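Structure file entry_6.txt (compact mmCIF, C-alpha atoms) is printed below.
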# COMPACT_ATOMS: atom_id res chain seq x y z
CA MET A 287 84.68 101.65 197.90
CA PHE A 288 81.80 99.40 196.82
CA PHE A 289 79.32 102.16 197.71
CA ILE A 290 81.21 104.67 195.52
CA LEU A 291 81.10 102.30 192.55
CA ILE A 292 77.35 101.82 192.94
CA LEU A 293 76.88 105.58 193.26
CA CYS A 294 78.93 106.25 190.09
CA TYR A 295 76.99 103.60 188.17
CA SER A 296 73.70 105.15 189.34
CA PHE A 297 74.72 108.62 188.15
CA GLN A 298 75.82 107.18 184.82
CA GLY A 299 72.41 105.54 184.43
CA ILE A 300 70.65 108.78 185.31
CA ARG A 301 72.68 110.70 182.74
CA ALA A 302 71.86 108.16 180.05
CA GLN A 303 68.13 108.66 180.71
CA THR A 304 68.07 112.47 180.46
CA TYR A 305 67.30 114.69 177.52
CA GLU A 306 70.29 116.36 175.91
CA PRO A 307 70.29 119.78 174.24
CA GLY A 308 69.92 119.40 170.51
CA PHE A 309 67.69 119.73 167.50
CA ILE A 310 65.90 117.73 164.82
CA VAL A 311 65.82 118.35 161.07
CA LEU A 312 62.40 117.72 159.61
CA ASN A 313 61.91 116.21 156.13
CA SER A 314 61.03 119.75 155.01
CA LYS A 315 64.61 120.69 156.05
CA ASP A 316 63.34 122.96 158.84
CA SER A 317 65.17 122.65 162.16
CA LEU A 318 63.46 122.54 165.54
CA TYR A 319 65.54 123.27 168.64
CA GLY A 320 65.00 121.80 172.07
CA SER A 321 66.28 118.62 173.68
CA VAL A 322 66.54 115.03 172.48
CA LYS A 323 66.49 111.64 174.14
CA ASP A 324 67.42 108.64 171.99
CA ARG A 325 68.28 105.92 174.52
CA ASN A 326 67.44 104.74 178.00
CA ASP A 327 69.51 102.38 180.18
CA GLY A 328 71.43 101.05 177.18
CA THR A 329 68.30 100.67 175.05
CA LEU A 330 68.25 102.52 171.73
CA PHE A 331 64.84 103.95 170.93
CA LYS A 332 63.32 103.19 167.52
CA LYS A 333 61.67 106.58 167.84
CA ILE A 334 63.65 109.40 169.43
CA ARG A 335 61.96 111.73 171.91
CA PHE A 336 62.10 115.44 171.12
CA LYS A 337 61.11 118.02 173.75
CA ASP A 338 60.45 121.46 172.32
CA GLU A 339 61.10 124.74 174.11
CA ARG A 340 57.60 124.62 175.65
CA GLY A 341 58.23 121.17 177.14
CA ARG A 342 56.01 119.23 174.73
CA VAL A 343 57.36 115.80 173.80
CA LYS A 344 56.94 114.21 170.39
CA ARG A 345 58.41 110.97 169.01
CA TYR A 346 60.15 110.72 165.63
CA SER A 347 61.32 107.68 163.69
CA ALA A 348 64.01 107.67 161.00
CA GLU A 349 61.24 107.95 158.38
CA ASP A 350 59.86 111.10 160.04
CA ILE A 351 63.00 113.27 160.04
CA LEU A 352 66.27 113.79 158.16
CA GLY A 353 68.37 113.66 161.31
CA TYR A 354 69.03 115.02 164.76
CA LYS A 355 71.70 116.16 167.16
CA ALA A 356 71.75 115.09 170.80
CA GLY A 357 74.53 116.60 172.88
CA ILE A 358 77.75 116.29 170.87
CA HIS A 359 76.52 113.52 168.54
CA THR A 360 74.84 114.02 165.17
CA TYR A 361 72.69 111.35 163.50
CA GLU A 362 71.38 111.11 159.95
CA SER A 363 68.40 109.16 158.77
CA LEU A 364 69.68 106.97 155.93
CA TRP A 365 68.38 104.00 154.01
CA TYR A 366 70.23 100.95 155.29
CA ALA A 367 70.35 97.35 154.14
CA GLU A 368 72.68 94.58 155.23
CA GLU A 369 73.13 91.38 153.22
CA ASN A 370 74.96 88.23 154.26
CA GLN A 371 76.39 85.80 151.71
CA PHE A 372 78.47 82.98 153.18
CA PHE A 373 79.73 85.10 156.11
CA LYS A 374 80.49 88.06 153.83
CA PHE A 375 78.44 91.07 154.76
CA HIS A 376 77.49 93.77 152.29
CA TYR A 377 76.04 97.13 153.32
CA TYR A 378 73.95 99.52 151.25
CA SER A 379 72.42 102.96 151.52
CA ARG A 380 70.10 102.92 148.53
CA PRO A 381 66.78 104.84 148.57
CA GLY A 382 63.87 102.44 148.93
CA TYR A 383 66.06 99.43 149.76
CA GLY A 384 66.08 98.14 153.33
CA LYS A 385 64.78 100.54 155.94
CA LYS A 386 65.58 103.99 157.21
CA VAL A 387 67.72 104.02 160.35
CA PHE A 388 69.64 106.59 162.36
CA LEU A 389 73.41 106.37 161.77
CA LYS A 390 75.86 108.37 163.89
CA VAL A 391 77.87 110.79 161.74
CA LEU A 392 81.60 110.51 162.42
CA ALA A 393 82.87 112.44 159.36
CA ARG A 394 81.49 114.11 156.24
CA GLY A 395 83.10 114.86 152.90
CA PRO A 396 83.81 113.04 149.65
CA LEU A 397 84.19 110.03 151.94
CA GLY A 398 81.83 109.95 154.91
CA CYS A 399 82.08 107.73 157.95
CA TYR A 400 79.05 106.57 159.90
CA ALA A 401 78.63 104.38 162.97
CA ARG A 402 75.92 101.74 163.17
CA GLU A 403 75.03 101.37 166.84
CA PHE A 404 73.60 98.11 168.13
CA LEU A 405 73.01 96.17 171.32
CA HIS A 406 74.65 92.83 172.02
CA ASP A 407 71.82 90.37 172.68
CA ASP A 408 73.54 88.53 175.50
CA ASN A 409 74.46 91.44 177.77
CA ASP A 410 72.69 94.61 176.53
CA TYR A 411 76.08 96.21 175.83
CA LEU A 412 75.87 99.11 173.37
CA ASP A 413 78.45 98.81 170.58
CA GLN A 414 79.01 100.21 167.10
CA PHE A 415 80.88 99.59 163.90
CA GLU A 416 82.07 102.12 161.35
CA LEU A 417 80.92 102.26 157.72
CA PHE A 418 82.45 104.25 154.87
CA LEU A 419 80.23 105.85 152.23
CA ARG A 420 81.41 107.92 149.27
CA GLU A 421 79.27 110.86 148.17
CA GLY A 422 76.86 109.86 145.43
CA GLU A 423 77.32 106.11 145.96
CA THR A 424 75.01 103.50 147.49
CA THR A 425 77.49 100.83 148.60
CA MET A 426 78.94 101.16 152.07
CA GLU A 427 82.03 99.35 153.32
CA ARG A 428 82.61 98.26 156.89
CA ALA A 429 85.86 99.78 158.15
CA THR A 430 86.90 97.34 160.86
CA GLN A 431 86.32 93.80 162.03
CA GLY A 432 86.26 94.05 165.80
CA VAL A 433 89.65 93.79 167.48
CA PHE A 434 91.35 92.82 164.21
CA GLY A 435 91.48 96.43 163.00
CA LEU A 436 90.92 97.70 159.48
CA LYS A 437 89.58 95.21 156.92
CA LYS A 438 92.59 95.47 154.61
CA LYS A 439 91.44 93.24 151.73
CA ARG A 440 87.94 94.71 151.57
CA LEU A 441 89.24 98.27 151.85
CA ALA A 442 91.82 97.65 149.11
CA SER A 443 88.95 96.81 146.79
CA TYR A 444 86.73 99.66 148.01
CA PHE A 445 89.50 102.26 147.59
CA TRP A 446 90.56 101.12 144.09
CA ASP A 447 90.62 104.81 143.10
CA CYS A 448 93.29 105.72 145.67
CA PRO A 449 96.28 103.34 145.52
CA THR A 450 98.35 105.47 147.92
CA LEU A 451 95.64 105.07 150.55
CA VAL A 452 95.59 101.29 150.05
CA GLU A 453 99.36 101.23 150.48
CA LYS A 454 99.11 103.20 153.75
CA ILE A 455 96.42 100.83 155.05
CA ASN A 456 98.48 97.77 154.12
CA ASN A 457 101.70 99.02 155.72
CA ARG A 458 99.74 100.15 158.80
CA SER A 459 100.56 103.85 158.45
CA LEU A 460 96.82 104.35 158.89
CA THR A 461 95.12 102.17 161.49
CA ARG A 462 91.87 103.95 162.38
CA PRO A 463 88.76 104.66 160.29
CA LEU A 464 88.90 108.44 160.79
CA GLU A 465 92.55 108.48 159.68
CA VAL A 466 91.43 106.75 156.47
CA VAL A 467 88.67 109.33 155.97
CA ASP A 468 91.04 112.26 156.55
CA TYR A 469 93.59 110.89 154.06
CA TYR A 470 91.00 110.07 151.41
CA ASN A 471 89.29 113.44 151.68
CA ALA A 472 92.60 115.33 151.57
CA PHE A 473 94.31 113.44 148.75
CA CYS A 474 91.85 111.27 146.86
CA GLY A 475 88.39 112.78 147.18
CA ARG A 476 86.65 114.29 144.23
CA PRO A 477 87.06 118.08 143.97
When written as structure tokens, how does the structure in this file appear?
Amino acid sequence: MFFILILCYSFQGIRAQTYEPGFIVLNSKDSLYGSVKDRNDGTLFKKIRFKDERGRVKRYSAEDILGYKAGIHTYESLWYAEENQFFKFHYYSRPGYGKKVFLKVLARGPLGCYAREFLHDDNDYLDQFELFLREGETTMERATQGVFGLKKKRLASYFWDCPTLVEKINNRSLTRPLEVVDYYNAFCGRP
């Protein structure tokens, strides 16, 4: 049994180190197809590795490209800044403010949802948190606070334009970030 667990863990590590089919979108909006590697043994690369159809490997940072797709996951290069004021965090996606990072795209539309991936310092565990961003706006709102679920008070303020959504969040009809996105985009999003 112990041997099987070690074998499974080894295969999982090997899979995490391989290139996945995908593409990159250059700043010129041209797409290059090949395979992408963006992490290795739980480490997120600052520069992704892109292998073209001829097998040549080139590295790209978030400043170098608009985004990429690796396997089933899509990432966009967005400006990202995080501010902390007395244990209240504020998140922004404002051109020229902060730095460009790759955010995982969970949903697009009038309300988009992105995941900020990060490593826990103490155990190298890869985790993420969801951020909402309305089209045309620069302020992002964190969707959840760990195991405590949706951030009801903060989301009530963020979704001032959709009182029915706030009501559904407060009475727990909606409990997941993507449920919030679906509702907002269907009933509250700008046409």
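Closest to Glu423 of chain A among A:Pro449, A:Gly382, A:Gly320, A:Pro396 is A:Pro396, based on all atoms listed in the file.
Straight-line separation from atom CA of Leu417 of chain A to atom CA of Gln371 of chain A: 18.1 Å.
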Shell around Lys386 of chain A at 7 Å using only C-alpha atoms, local window under 4 positions removed, as a PyMOL selection string: chain A and resi 348-349+363-366
- prompt: Using all atoms listed in the file, which of the listed residues (A:Ile351, A:Arg345, A:Thr329, A:Lys390) sits closest to Ser314 of chain A?
  reply: A:Ile351
- request: Please indicate the distance in Å from atom CA of Asp324 of chain A to atom CA of Ala393 of chain A, rounded to one decimal place.
  value: 20.3 Å
task: Using all atoms listed in the file, pick whichever of A:Val452, A:Val387, A:Leu441, A:Ala429 has the shortest atom-to-atom distance to Lys333 of chain A.
output: A:Val387
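Here atom CA of Glu403 of chain A is placed at a distance of 14.5 Å from atom CA of Asp327 of chain A.
Minimum atom-to-atom distance to Ala367 of chain A, evaluated using only C-alpha atoms, belongs to A:Met426 out of A:Met426, A:Val322, A:Ile455, A:Leu460.
Using only C-alpha atoms, the shortest contact distance between Glu368 of chain A and any of A:Glu465, A:Asp447, A:Glu427, A:Asp413 is found at A:Glu427.
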message: Need to verify the contact set: Phe445 of chain A, 12 Å, all atoms listed in the file, exclusion of same-chain residues closer than 6 positions in sequence. Can you return it as an MDAnalysis selection string?
response: chainID A and resid 397 418:420 426:427 429 437:439 451:456 466:467 469:471 474:475
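Every residue within 10 Å of the file position (78.8, 102.3, 164.6), judged by all atoms listed in the file, is given as Leu389, Lys390, Val391, Leu392, Cys399, Tyr400, Ala401, Arg402, Glu403, Phe404, Leu412, Asp413, Gln414, Phe415, Glu416, Leu417, Arg428 and Ala429 of chain A.
If all atoms listed in the file are the atoms counted, then among A:Lys332, A:Arg462, A:Arg394, A:Lys374 the closest residue to Tyr346 of chain A is A:Lys332.
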